[in-house]
$ cat protein-v6.txt   # compact mmCIF, C-alpha atoms
# COMPACT_ATOMS: atom_id res chain seq x y z
CA MET A 1 22.70 -18.12 -23.35
CA ASN A 2 22.74 -17.86 -19.55
CA ARG A 3 19.42 -19.25 -18.27
CA PHE A 4 18.67 -16.22 -16.08
CA VAL A 5 19.30 -13.88 -19.02
CA ALA A 6 16.97 -16.05 -21.10
CA ALA A 7 14.25 -15.77 -18.46
CA GLU A 8 14.69 -12.03 -18.11
CA ARG A 9 14.51 -11.56 -21.89
CA ALA A 10 11.40 -13.75 -22.12
CA VAL A 11 9.61 -11.59 -19.54
CA ARG A 12 10.77 -8.32 -21.08
CA THR A 13 9.63 -9.22 -24.61
CA ALA A 14 6.32 -10.90 -23.71
CA ALA A 15 3.00 -9.25 -24.50
CA PRO A 16 1.42 -7.72 -21.38
CA HIS A 17 -1.26 -10.42 -21.10
CA GLU A 18 1.23 -13.25 -21.74
CA LEU A 19 3.75 -12.62 -18.95
CA LEU A 20 2.81 -15.76 -17.03
CA ASP A 21 2.92 -17.90 -20.19
CA ALA A 22 6.39 -16.53 -20.98
CA VAL A 23 7.68 -17.21 -17.46
CA ARG A 24 6.13 -20.68 -17.47
CA ARG A 25 7.79 -21.61 -20.78
CA VAL A 26 11.26 -20.43 -19.81
CA LEU A 27 11.14 -22.01 -16.34
CA VAL A 28 10.10 -25.33 -17.85
CA GLU A 29 12.85 -25.16 -20.49
CA GLN A 30 15.69 -23.67 -18.44
CA TYR A 31 14.93 -24.78 -14.86
CA ALA A 32 13.06 -28.08 -15.36
CA ALA A 33 9.94 -26.67 -13.68
CA GLU A 34 6.94 -29.01 -13.54
CA SER A 35 4.39 -26.23 -13.05
CA VAL A 36 4.30 -22.46 -12.54
CA GLU A 37 1.50 -20.31 -11.11
CA LEU A 38 1.26 -16.58 -10.35
CA LEU A 39 -0.98 -15.51 -7.47
CA MET A 40 -1.91 -11.86 -6.89
CA ALA A 41 -2.81 -10.40 -3.49
CA ASP A 42 -6.43 -9.27 -3.42
CA TYR A 43 -7.46 -5.73 -2.45
CA GLY A 44 -8.28 -6.77 1.11
CA LEU A 45 -4.90 -8.52 1.57
CA THR A 46 -6.68 -11.66 2.74
CA MET A 47 -6.39 -13.91 -0.33
CA LEU A 48 -3.90 -14.77 -3.06
CA GLN A 49 -5.75 -15.08 -6.35
CA PRO A 50 -4.33 -17.22 -9.20
CA VAL A 51 -3.90 -15.34 -12.48
CA SER A 52 -5.96 -16.91 -15.25
CA VAL A 53 -7.91 -15.68 -18.24
CA LEU A 54 -11.53 -14.96 -17.33
CA PRO A 55 -14.01 -16.59 -17.07
CA HIS A 56 -11.67 -19.46 -16.09
CA THR A 57 -10.51 -19.19 -12.49
CA LEU A 58 -8.63 -21.31 -9.97
CA GLU A 59 -9.18 -21.56 -6.22
CA PRO A 60 -7.75 -18.65 -4.20
CA VAL A 61 -5.33 -19.25 -1.33
CA SER A 62 -5.50 -17.65 2.12
CA VAL A 63 -2.78 -15.17 3.01
CA HIS A 64 -2.98 -16.17 6.68
CA ASN A 65 -2.70 -19.97 6.77
CA SER A 66 -0.95 -21.17 3.62
CA SER A 67 2.59 -21.75 2.38
CA GLU A 68 2.06 -19.12 -0.31
CA GLY A 69 0.87 -16.67 2.34
CA ARG A 70 3.95 -17.41 4.43
CA ALA A 71 6.23 -16.37 1.55
CA PHE A 72 4.06 -13.31 0.93
CA GLY A 73 4.08 -12.17 4.55
CA ALA A 74 7.76 -12.81 5.26
CA GLN A 75 8.88 -11.62 1.82
CA GLU A 76 11.27 -14.56 1.68
CA PRO A 77 11.21 -17.70 -0.51
CA PHE A 78 9.50 -20.63 1.18
CA MET A 79 9.80 -24.25 0.07
CA GLU A 80 7.62 -27.26 0.79
CA SER A 81 7.73 -30.88 -0.33
CA ALA A 82 5.60 -32.06 -3.24
CA PRO A 83 4.79 -35.64 -4.35
CA GLY A 84 7.34 -37.58 -6.38
CA GLY A 85 10.48 -36.07 -4.84
CA LEU A 86 9.58 -32.60 -6.10
CA VAL A 87 9.69 -29.30 -4.23
CA ARG A 88 7.24 -26.39 -4.45
CA ALA A 89 9.02 -23.03 -4.13
CA HIS A 90 6.94 -19.94 -3.29
CA LEU A 91 8.68 -16.71 -4.30
CA PRO A 92 7.59 -13.14 -3.38
CA VAL A 93 6.58 -11.01 -6.37
CA SER A 94 7.42 -7.50 -5.14
CA VAL A 95 8.71 -4.16 -6.44
CA ARG A 96 10.80 -2.11 -4.00
CA GLY A 97 8.79 -3.31 -1.05
CA ASP A 98 5.38 -3.13 -2.78
CA ARG A 99 4.01 -6.66 -2.37
CA LEU A 100 2.05 -7.83 -5.42
CA GLY A 101 1.81 -11.57 -4.94
CA VAL A 102 3.65 -14.90 -5.11
CA LEU A 103 5.16 -17.03 -7.90
CA SER A 104 4.80 -20.75 -7.10
CA VAL A 105 7.11 -23.14 -8.97
CA VAL A 106 7.26 -26.95 -8.71
CA LEU A 107 10.82 -28.23 -9.29
CA PRO A 108 13.00 -31.30 -8.79
CA GLY A 109 14.30 -31.33 -5.21
CA GLY A 110 17.77 -31.70 -3.77
CA ASP A 111 20.76 -29.98 -5.35
CA HIS A 112 18.71 -28.80 -8.31
CA VAL A 113 16.43 -26.50 -6.34
CA ARG A 114 19.26 -25.31 -4.10
CA GLY A 115 21.25 -24.37 -7.17
CA CYS A 116 18.55 -22.23 -8.75
CA LEU A 117 16.51 -20.79 -5.87
CA GLU A 118 18.37 -17.47 -5.84
CA GLU A 119 17.89 -17.03 -9.59
CA LEU A 120 14.21 -17.91 -9.31
CA ALA A 121 13.76 -15.25 -6.62
CA GLU A 122 15.31 -12.70 -8.99
CA ILE A 123 13.04 -13.84 -11.83
CA ALA A 124 10.03 -13.28 -9.54
CA GLU A 125 11.27 -9.72 -8.95
CA VAL A 126 11.72 -9.17 -12.71
CA LEU A 127 8.16 -10.44 -13.20
CA ALA A 128 6.88 -7.98 -10.57
CA HIS A 129 8.36 -5.03 -12.48
CA ALA A 130 6.84 -6.37 -15.70
CA VAL A 131 3.39 -6.72 -14.12
CA ILE A 132 3.44 -3.07 -12.98
CA VAL A 133 4.21 -1.95 -16.55
CA ALA A 134 1.75 -4.41 -18.10
CA GLU A 135 -1.14 -3.04 -16.01
CA ARG A 136 -1.08 0.04 -18.22
CA GLU A 137 -2.26 -2.11 -21.14
CA THR A 138 -4.19 -5.07 -19.73
CA ASP A 139 -6.78 -5.63 -16.99
CA LEU A 140 -5.72 -9.25 -16.44
CA TYR A 141 -3.71 -8.71 -13.26
CA MET A 142 -6.15 -6.23 -11.73
CA GLN A 143 -8.99 -8.67 -12.38
CA ALA A 144 -6.99 -11.37 -10.64
CA ARG A 145 -6.78 -9.22 -7.50
CA ARG A 146 -10.55 -9.23 -6.94
CA THR A 147 -12.48 -11.60 -4.76
CA ASN A 148 -15.55 -9.35 -5.16
CA ARG A 149 -16.62 -6.58 -7.46
CA LEU A 150 -15.28 -3.13 -6.60
CA THR A 151 -17.70 -0.23 -6.33
CA LEU A 152 -17.02 2.57 -8.81
CA ALA A 153 -15.82 4.82 -5.98
CA ALA A 154 -13.40 2.12 -4.81
CA GLU A 155 -12.13 1.59 -8.36
CA MET A 156 -11.29 5.29 -8.58
CA GLN A 157 -9.58 5.31 -5.19
CA TRP A 158 -7.38 2.27 -5.80
CA GLN A 159 -6.30 3.69 -9.17
CA LEU A 160 -5.23 6.86 -7.39
CA LEU A 161 -2.87 5.16 -4.94
CA PRO A 162 0.93 4.93 -5.38
CA GLY A 163 1.00 1.33 -4.06
CA ARG A 164 0.39 -0.27 -0.67
CA SER A 165 3.94 -0.48 0.59
CA CYS A 166 7.45 0.61 -0.27
CA ALA A 167 10.90 0.34 1.27
CA ARG A 168 14.25 2.09 1.15
CA ARG A 169 17.20 1.87 3.47
CA GLU A 170 15.96 4.93 5.40
CA TYR A 171 12.36 3.78 5.92
CA GLU A 172 9.58 1.25 5.30
CA LEU A 173 6.00 2.22 4.50
CA GLY A 174 2.79 0.21 4.53
CA ALA A 175 -0.85 1.27 4.10
CA GLN A 176 -4.30 -0.23 3.75
CA LEU A 177 -7.87 0.96 3.15
CA GLU A 178 -11.08 -0.69 4.37
CA PRO A 179 -13.66 -1.73 3.35
CA ALA A 180 -11.32 -2.62 0.49
CA TYR A 181 -14.05 -3.20 -2.09
CA ALA A 182 -16.21 -0.21 -1.13
CA ILE A 183 -13.79 2.52 -0.06
CA PHE A 184 -14.79 6.04 -1.08
CA GLY A 185 -13.04 9.02 0.55
CA ASP A 186 -9.85 8.12 2.44
CA ASN A 187 -6.54 8.10 0.60
CA PHE A 188 -2.76 8.17 0.97
CA ASP A 189 0.02 9.29 -1.31
CA TRP A 190 3.81 9.42 -1.19
CA SER A 191 6.73 10.49 -3.32
CA VAL A 192 10.47 10.12 -2.75
CA THR A 193 13.60 11.79 -4.11
CA ALA A 194 17.27 11.22 -3.31
CA ASP A 195 16.92 13.39 -0.20
CA ARG A 196 13.26 13.63 0.78
CA LEU A 197 10.11 11.61 1.45
CA LEU A 198 6.76 13.38 1.04
CA LEU A 199 3.82 11.61 2.67
CA TYR A 200 0.14 12.64 2.55
CA VAL A 201 -2.72 11.07 4.55
CA THR A 202 -6.18 12.15 3.41
CA ASN A 203 -9.55 11.87 5.13
CA GLY A 204 -12.27 12.81 2.62
CA MET A 205 -15.81 13.76 3.57
CA GLY A 206 -18.99 12.37 2.09
CA GLU A 207 -19.91 8.97 0.69
CA GLY A 208 -19.76 7.03 -2.54
CA ILE A 209 -18.79 8.59 -5.82
CA GLU A 210 -19.03 12.17 -4.52
CA ALA A 211 -16.39 11.47 -1.88
CA SER A 212 -14.16 9.77 -4.44
CA LEU A 213 -14.43 12.69 -6.86
CA LEU A 214 -13.54 15.13 -4.08
CA THR A 215 -10.49 13.11 -3.08
CA ASN A 216 -9.36 12.70 -6.69
CA LEU A 217 -9.49 16.46 -7.20
CA ALA A 218 -7.56 17.22 -4.01
CA VAL A 219 -4.88 14.55 -4.45
CA ASN A 220 -4.23 15.53 -8.06
CA ALA A 221 -4.08 19.21 -7.07
CA LEU A 222 -1.47 18.33 -4.41
CA ARG A 223 0.50 16.26 -6.93
CA ASN A 224 0.35 19.05 -9.50
CA ALA A 225 1.79 21.53 -7.00
CA ARG A 226 4.38 19.06 -5.71
CA ARG A 227 5.61 18.21 -9.21
CA ALA A 228 6.02 21.91 -9.91
CA GLY A 229 8.55 22.04 -7.07
CA ILE A 230 6.30 24.12 -4.79
CA PRO A 231 6.93 24.00 -0.99
CA LEU A 232 4.62 22.02 1.30
CA ALA A 233 2.55 24.91 2.69
CA ASP A 234 1.95 26.29 -0.79
CA GLN A 235 0.95 22.84 -2.04
CA ALA A 236 -1.81 22.90 0.58
CA ALA A 237 -2.84 26.43 -0.40
CA LEU A 238 -3.11 25.59 -4.10
CA ALA A 239 -5.06 22.39 -3.43
CA ASP A 240 -7.32 24.39 -1.08
CA GLN A 241 -8.03 26.84 -3.91
CA ALA A 242 -8.79 24.03 -6.37
CA VAL A 243 -11.26 22.35 -4.01
CA TYR A 244 -12.94 25.64 -3.06
CA ALA A 245 -13.26 26.70 -6.69
CA GLN A 246 -15.13 23.47 -7.43
CA TYR A 247 -17.32 23.16 -4.33
CA GLN A 248 -17.51 26.70 -2.87
CA GLY A 249 -17.10 25.36 0.66
CA ARG A 250 -19.92 22.82 0.42
CA GLN A 251 -17.39 19.97 0.55
CA TYR A 252 -13.88 19.94 1.90
CA LEU A 253 -11.14 17.50 2.72
CA SER A 254 -8.76 16.88 5.64
CA VAL A 255 -5.12 16.06 5.01
CA LEU A 256 -1.98 15.53 7.08
CA MET A 257 1.15 16.36 5.02
CA PHE A 258 4.80 15.53 5.77
CA ASP A 259 8.06 16.45 4.06
CA PHE A 260 10.86 14.33 5.61
CA ASP A 261 14.57 14.99 5.20
CA LEU A 262 16.01 11.49 4.73
CA ALA A 263 19.43 12.47 6.07
CA THR A 264 18.35 14.12 9.32
CA GLY A 265 14.81 12.94 10.07
CA ARG A 266 13.62 16.54 10.31
CA ALA A 267 10.15 17.00 8.84
CA LEU A 268 7.94 19.87 7.84
CA VAL A 269 4.27 19.24 8.62
CA VAL A 270 0.94 20.73 7.54
CA ASP A 271 -2.05 19.52 9.57
CA ALA A 272 -5.19 20.48 7.67
CA GLY A 273 -7.89 18.49 9.39
CA SER A 274 -8.64 15.24 11.11
CA PRO A 275 -6.10 12.43 10.34
CA GLN A 276 -4.27 11.47 13.54
CA MET A 277 -0.70 10.28 14.16
CA LEU A 278 0.63 8.08 16.95
CA ARG A 279 4.31 7.35 17.58
CA LEU A 280 5.85 4.18 18.98
CA ARG A 281 9.25 5.02 20.50
CA GLY A 282 11.13 2.87 23.00
CA GLY A 283 8.07 0.74 23.76
CA THR A 284 5.83 3.75 24.48
CA VAL A 285 2.93 4.78 22.25
CA GLU A 286 1.83 8.40 22.32
CA ARG A 287 -0.40 10.56 20.19
CA ILE A 288 1.37 13.47 18.51
CA ASP A 289 -0.71 16.60 18.04
CA PHE A 290 0.10 19.33 15.56
CA GLU A 291 -1.31 22.83 15.12
CA ALA A 292 -4.69 22.18 13.51
CA GLN A 293 -5.45 24.27 10.44
CA LEU A 294 -8.51 24.42 8.20
CA PRO A 295 -9.37 21.52 5.87
CA LEU A 296 -8.73 22.01 2.16
CA GLY A 297 -11.58 23.83 0.44
CA MET A 298 -13.52 24.95 3.52
CA PHE A 299 -12.87 28.66 2.92
CA GLU A 300 -11.44 30.70 0.09
CA GLU A 301 -7.68 31.45 -0.01
CA THR A 302 -6.68 29.89 3.31
CA ASP A 303 -3.02 30.37 4.27
CA TYR A 304 -1.18 27.31 5.60
CA ARG A 305 1.93 27.16 7.80
CA THR A 306 4.43 24.37 8.28
CA GLN A 307 5.53 23.06 11.66
CA ASP A 308 8.72 21.26 12.57
CA PHE A 309 8.79 17.62 13.63
CA GLN A 310 11.74 15.31 14.35
CA VAL A 311 11.70 11.57 13.77
CA GLU A 312 14.43 9.34 15.22
CA PRO A 313 15.84 6.00 13.99
CA GLY A 314 13.68 3.22 15.42
CA ASP A 315 10.50 5.32 15.52
CA ARG A 316 7.27 3.86 14.17
CA LEU A 317 4.64 6.39 13.08
CA VAL A 318 1.05 5.22 12.59
CA PHE A 319 -1.46 7.47 10.81
CA VAL A 320 -5.21 6.82 10.98
CA SER A 321 -8.37 8.41 9.63
CA ASP A 322 -11.45 9.08 11.75
CA GLY A 323 -12.90 5.82 10.40
CA VAL A 324 -10.45 4.13 12.79
CA TYR A 325 -10.35 6.13 16.03
CA ALA A 326 -14.05 7.13 15.99
CA VAL A 327 -15.48 3.65 15.27
CA ALA A 328 -18.03 2.62 17.88
CA SER A 329 -18.50 -0.83 19.42
CA PRO A 330 -21.99 -2.42 19.62
CA LYS A 331 -22.22 -0.73 23.06
CA GLY A 332 -21.39 2.67 21.57
CA GLU A 333 -17.81 2.88 22.88
CA ALA A 334 -15.40 4.67 20.53
CA TYR A 335 -12.22 2.82 19.57
CA GLY A 336 -10.15 5.79 20.72
CA ASP A 337 -6.50 6.37 21.58
CA ALA A 338 -6.20 3.68 24.25
CA ALA A 339 -7.38 0.81 22.05
CA LEU A 340 -5.34 2.11 19.12
CA ALA A 341 -2.23 2.32 21.32
CA ARG A 342 -2.77 -1.30 22.42
CA ALA A 343 -3.09 -2.39 18.78
CA ILE A 344 0.11 -0.54 17.83
CA HIS A 345 1.97 -2.10 20.73
CA ALA A 346 0.62 -5.58 19.91
CA THR A 347 1.87 -5.30 16.32
CA ARG A 348 5.28 -3.85 17.18
CA LEU A 349 7.17 -6.92 15.89
CA LEU A 350 5.44 -6.95 12.49
CA PRO A 351 7.03 -5.27 9.47
CA ALA A 352 5.47 -1.96 8.42
CA ALA A 353 3.69 -3.52 5.45
CA GLU A 354 1.83 -5.95 7.77
CA VAL A 355 0.83 -3.45 10.46
CA PRO A 356 -2.11 -1.65 8.75
CA ARG A 357 -3.98 -4.86 7.98
CA ALA A 358 -3.36 -6.19 11.51
CA ILE A 359 -4.70 -3.00 13.12
CA LEU A 360 -7.74 -3.06 10.84
CA ARG A 361 -8.45 -6.65 11.93
CA GLU A 362 -8.39 -5.44 15.54
CA LEU A 363 -10.80 -2.68 14.55
CA THR A 364 -13.19 -5.19 12.99
CA GLY A 365 -13.26 -7.12 16.27
CA HIS A 366 -14.10 -3.90 18.16
CA ARG A 367 -16.89 -2.97 15.73
CA GLY A 368 -18.50 -6.41 15.86
CA GLN A 369 -20.92 -7.67 13.24
CA GLN A 370 -22.31 -4.29 12.25
CA ALA A 371 -21.34 -2.96 8.84
CA PRO A 372 -18.87 -0.04 8.85
CA ASP A 373 -20.49 3.37 8.36
CA ASP A 374 -17.20 5.05 7.40
CA ASP A 375 -14.09 3.99 5.53
CA ALA A 376 -10.88 3.43 7.46
CA LEU A 377 -7.26 4.14 6.62
CA VAL A 378 -4.06 3.07 8.39
CA VAL A 379 -0.54 4.05 7.26
CA CYS A 380 2.59 2.80 9.04
CA LEU A 381 6.03 4.39 8.64
CA ASP A 382 9.10 2.73 10.18
CA TRP A 383 12.01 5.16 10.25
CA ARG A 384 15.55 3.78 10.09
CA GLY A 385 17.40 6.93 9.09
CA ARG A 386 20.85 7.02 7.56
$ encode --input "protein-v6.txt" --output "structure tokens"
Amino acid sequence: MNRFVAAERAVRTAAPHELLDAVRRVLVEQYAAESVELLMADYGLTMLQPVSVLPHTLEPVSVHNSSEGRAFGAQEPFMESAPGGLVRAHLPVSVRGDRLGVLSVVLPGGDHVRGCLEELAEIAEVLAHAVIVAERETDLYMQARRTNRLTLAAEMQWQLLPGRSCARREYELGAQLEPAYAIFGDNFDWSVTADRLLLYVTNGMGEGIEASLLTNLAVNALRNARRAGIPLADQAALADQAVYAQYQGRQYLSVLMFDFDLATGRALVVDAGSPQMLRLRGGTVERIDFEAQLPLGMFEETDYRTQDFQVEPGDRLVFVSDGVYAVASPKGEAYGDAALARAIHATRLLPAAEVPRAILRELTGHRGQQAPDDDALVVCLDWRGR
């Protein structure tokens, strides 16, 4: 049997909690691997956590200053020398642009590793797909992503998300929430078809579990309407009714909604509240304002209207919640458009998946040592077009 087919079959037939054991066995048998480890990116995207059965754990690895982190950030295999003439290959574990972690394999060097590196990279991709499916049945991989305990509100929010990044030939998307282990109200969602990308950026009100419950209700109401084939403005209206029916205007939620035509770049937009959008085009960053409409659930039976927006190949769109642009420094100075524009310009060479975390690091420097009093959301969309 072809060794790649053997590896693929081993992953596909393994029990959900035994994926790493299955990969380790087949790589030892078919590729002469000396050791195999799977590291998962933590919720804050700062560490790569080795997968092991609790309570046994191995030391995490930094995303920012390690060989494993280099493969994770560049999304390309990276090799380094190991003792005894061996080579350690670090392979991205990703699904359609959604970066899960890194597979690290120690192999004989020279022609051997050159002859199998491409197959190993494909095996890492097969493993990524298997991990996504396995997470329906086991907590092993989600536990491996944690450097700290998640709050209950954060657990609910992370479970609600579609992923943290995705890529197609027309676009790349990346997003991140902070504080990663105590997020409560902000959220993002996306869905793609052959012809359209629908993107939602949500800024929920309140704190803790109440904010998370509000966001869960609104996001699922939007998904329910979207999956019924209902147009964008009516999706907002139905979600508005669901939130108002539950809270009677006591709580409400802001959302910025986009429906992009992948062929033309034309978008329909509903701006129902406070999330902001900035565009980087030709080296210039500018804030794009839309017609502001009422947040979801503020009043009964609100009517929503779509607006037209055109995105061009090469555009970078950055969406932020008020936990970003309203954050105050120790001197009381708001982060604001100017600082945000500088951060967007400074990160212009990074891929979309790296931009949100980089901007949030800049935000942490502005805020100083004080603990955040609001959660923060950054979404980056790079538009290539067809």
$ closest_residue --input "protein-v6.txt" --among "A:Leu100, A:Arg223, A:Gly109, A:Asn65" --to "A:Ser81" --atoms "all atoms listed in the file"
A:Gly109
$ closest_residue --input "protein-v6.txt" --among "A:Gly84, A:Gly204, A:Gly314, A:Gly101" --to "A:Val63" --atoms "all atoms listed in the file"
A:Gly101
$ atom_distance --input "protein-v6.txt" --atom1 "atom CA of A:Gly174" --atom2 "atom CA of A:Gly97"
8.9 Å
$ closest_residue --input "protein-v6.txt" --among "A:Ala144, A:Ala7, A:Ala15, A:Ala221" --to "A:Leu39" --atoms "all atoms listed in the file"
A:Ala144
$ residues_around --input "protein-v6.txt" --residues "A:Ala218" --least-positions-apart "2" --cutoff "10 Å" --atoms "only C-alpha atoms" --output "list in words"
Thr202, Gly204, Ser212, Leu213, Leu214, Thr215, Asn216, Asn220, Ala221, Leu222, Arg223, Asn224, Ala236, Leu238, Ala239, Asp240, Gln241, Ala242, Val243, Tyr252, Leu253, Ser254, Val255, Leu296 and Gly297 of chain A
$ write_last_selection --input "protein-v6.txt" --atoms "C-alpha atoms" --output "mmCIF file, in the frame of the given file"
data_model
loop_
_atom_site.group_PDB
_atom_site.id
_atom_site.type_symbol
_atom_site.label_atom_id
_atom_site.label_comp_id
_atom_site.auth_asym_id
_atom_site.auth_seq_id
_atom_site.Cartn_x
_atom_site.Cartn_y
_atom_site.Cartn_z
ATOM 1 C CA THR A 202 -6.180 12.150 3.410
ATOM 2 C CA GLY A 204 -12.270 12.810 2.620
ATOM 3 C CA SER A 212 -14.160 9.770 -4.440
ATOM 4 C CA LEU A 213 -14.430 12.690 -6.860
ATOM 5 C CA LEU A 214 -13.540 15.130 -4.080
ATOM 6 C CA THR A 215 -10.490 13.110 -3.080
ATOM 7 C CA ASN A 216 -9.360 12.700 -6.690
ATOM 8 C CA ASN A 220 -4.230 15.530 -8.060
ATOM 9 C CA ALA A 221 -4.080 19.210 -7.070
ATOM 10 C CA LEU A 222 -1.470 18.330 -4.410
ATOM 11 C CA ARG A 223 0.500 16.260 -6.930
ATOM 12 C CA ASN A 224 0.350 19.050 -9.500
ATOM 13 C CA ALA A 236 -1.810 22.900 0.580
ATOM 14 C CA LEU A 238 -3.110 25.590 -4.100
ATOM 15 C CA ALA A 239 -5.060 22.390 -3.430
ATOM 16 C CA ASP A 240 -7.320 24.390 -1.080
ATOM 17 C CA GLN A 241 -8.030 26.840 -3.910
ATOM 18 C CA ALA A 242 -8.790 24.030 -6.370
ATOM 19 C CA VAL A 243 -11.260 22.350 -4.010
ATOM 20 C CA TYR A 252 -13.880 19.940 1.900
ATOM 21 C CA LEU A 253 -11.140 17.500 2.720
ATOM 22 C CA SER A 254 -8.760 16.880 5.640
ATOM 23 C CA VAL A 255 -5.120 16.060 5.010
ATOM 24 C CA LEU A 296 -8.730 22.010 2.160
ATOM 25 C CA GLY A 297 -11.580 23.830 0.440
#
$ closest_residue --input "protein-v6.txt" --among "A:Ala237, A:Leu58, A:Val106, A:Met79" --to "A:Tyr31" --atoms "all atoms listed in the file"
A:Val106
$ closest_residue --input "protein-v6.txt" --among "A:Ala334, A:Ala358, A:Ala182, A:Ala41" --to "A:Met142" --atoms "all atoms listed in the file"
A:Ala41
$ atom_distance --input "protein-v6.txt" --atom1 "atom CA of A:Thr151" --atom2 "atom CA of A:Ala167"
29.6 Å
$ closest_residue --input "protein-v6.txt" --among "A:Pro179, A:Val285, A:Asp303, A:Val126" --to "A:Arg9" --atoms "all atoms listed in the file"
A:Val126
$ atom_distance --input "protein-v6.txt" --atom1 "atom CA of A:Arg99" --atom2 "atom CA of A:Phe72"
7.4 Å
$ residues_near_point --input "protein-v6.txt" --point "(18.3, 2.0, 3.2)" --cutoff "8 Å" --atoms "all atoms listed in the file" --output "mmCIF file with C-alpha atoms, in the coordinates of the input"
data_model
loop_
_atom_site.group_PDB
_atom_site.id
_atom_site.type_symbol
_atom_site.label_atom_id
_atom_site.label_comp_id
_atom_site.auth_asym_id
_atom_site.auth_seq_id
_atom_site.Cartn_x
_atom_site.Cartn_y
_atom_site.Cartn_z
ATOM 1 C CA ALA A 167 10.900 0.340 1.270
ATOM 2 C CA ARG A 168 14.250 2.090 1.150
ATOM 3 C CA ARG A 169 17.200 1.870 3.470
ATOM 4 C CA GLU A 170 15.960 4.930 5.400
ATOM 5 C CA TYR A 171 12.360 3.780 5.920
ATOM 6 C CA ARG A 384 15.550 3.780 10.090
ATOM 7 C CA GLY A 385 17.400 6.930 9.090
ATOM 8 C CA ARG A 386 20.850 7.020 7.560
#
$ residues_around --input "protein-v6.txt" --residues "A:Glu68" --least-positions-apart "4" --cutoff "9 Å" --atoms "all atoms listed in the file" --output "VMD selection string"
chain A and resid 39 48 61 to 63 72 to 73 78 89 to 92 101 to 104
$ residues_around --input "protein-v6.txt" --residues "A:Glu135" --least-positions-apart "2" --cutoff "12 Å" --atoms "all atoms listed in the file" --output "PyMOL selection string"
chain A and resi 15-19+128-133+137-145+159
$ residues_around --input "protein-v6.txt" --residues "A:Ala175" --least-positions-apart "5" --cutoff "6 Å" --atoms "only C-alpha atoms" --output "list in words"
Arg164, Pro356, Val378 and Val379 of chain A
$ residues_around --input "protein-v6.txt" --residues "A:Ala263" --least-positions-apart "2" --cutoff "12 Å" --atoms "all atoms listed in the file" --output "PyMOL selection string"
chain A and resi 169-171+193-197+260-261+265-267+310-313+383-386
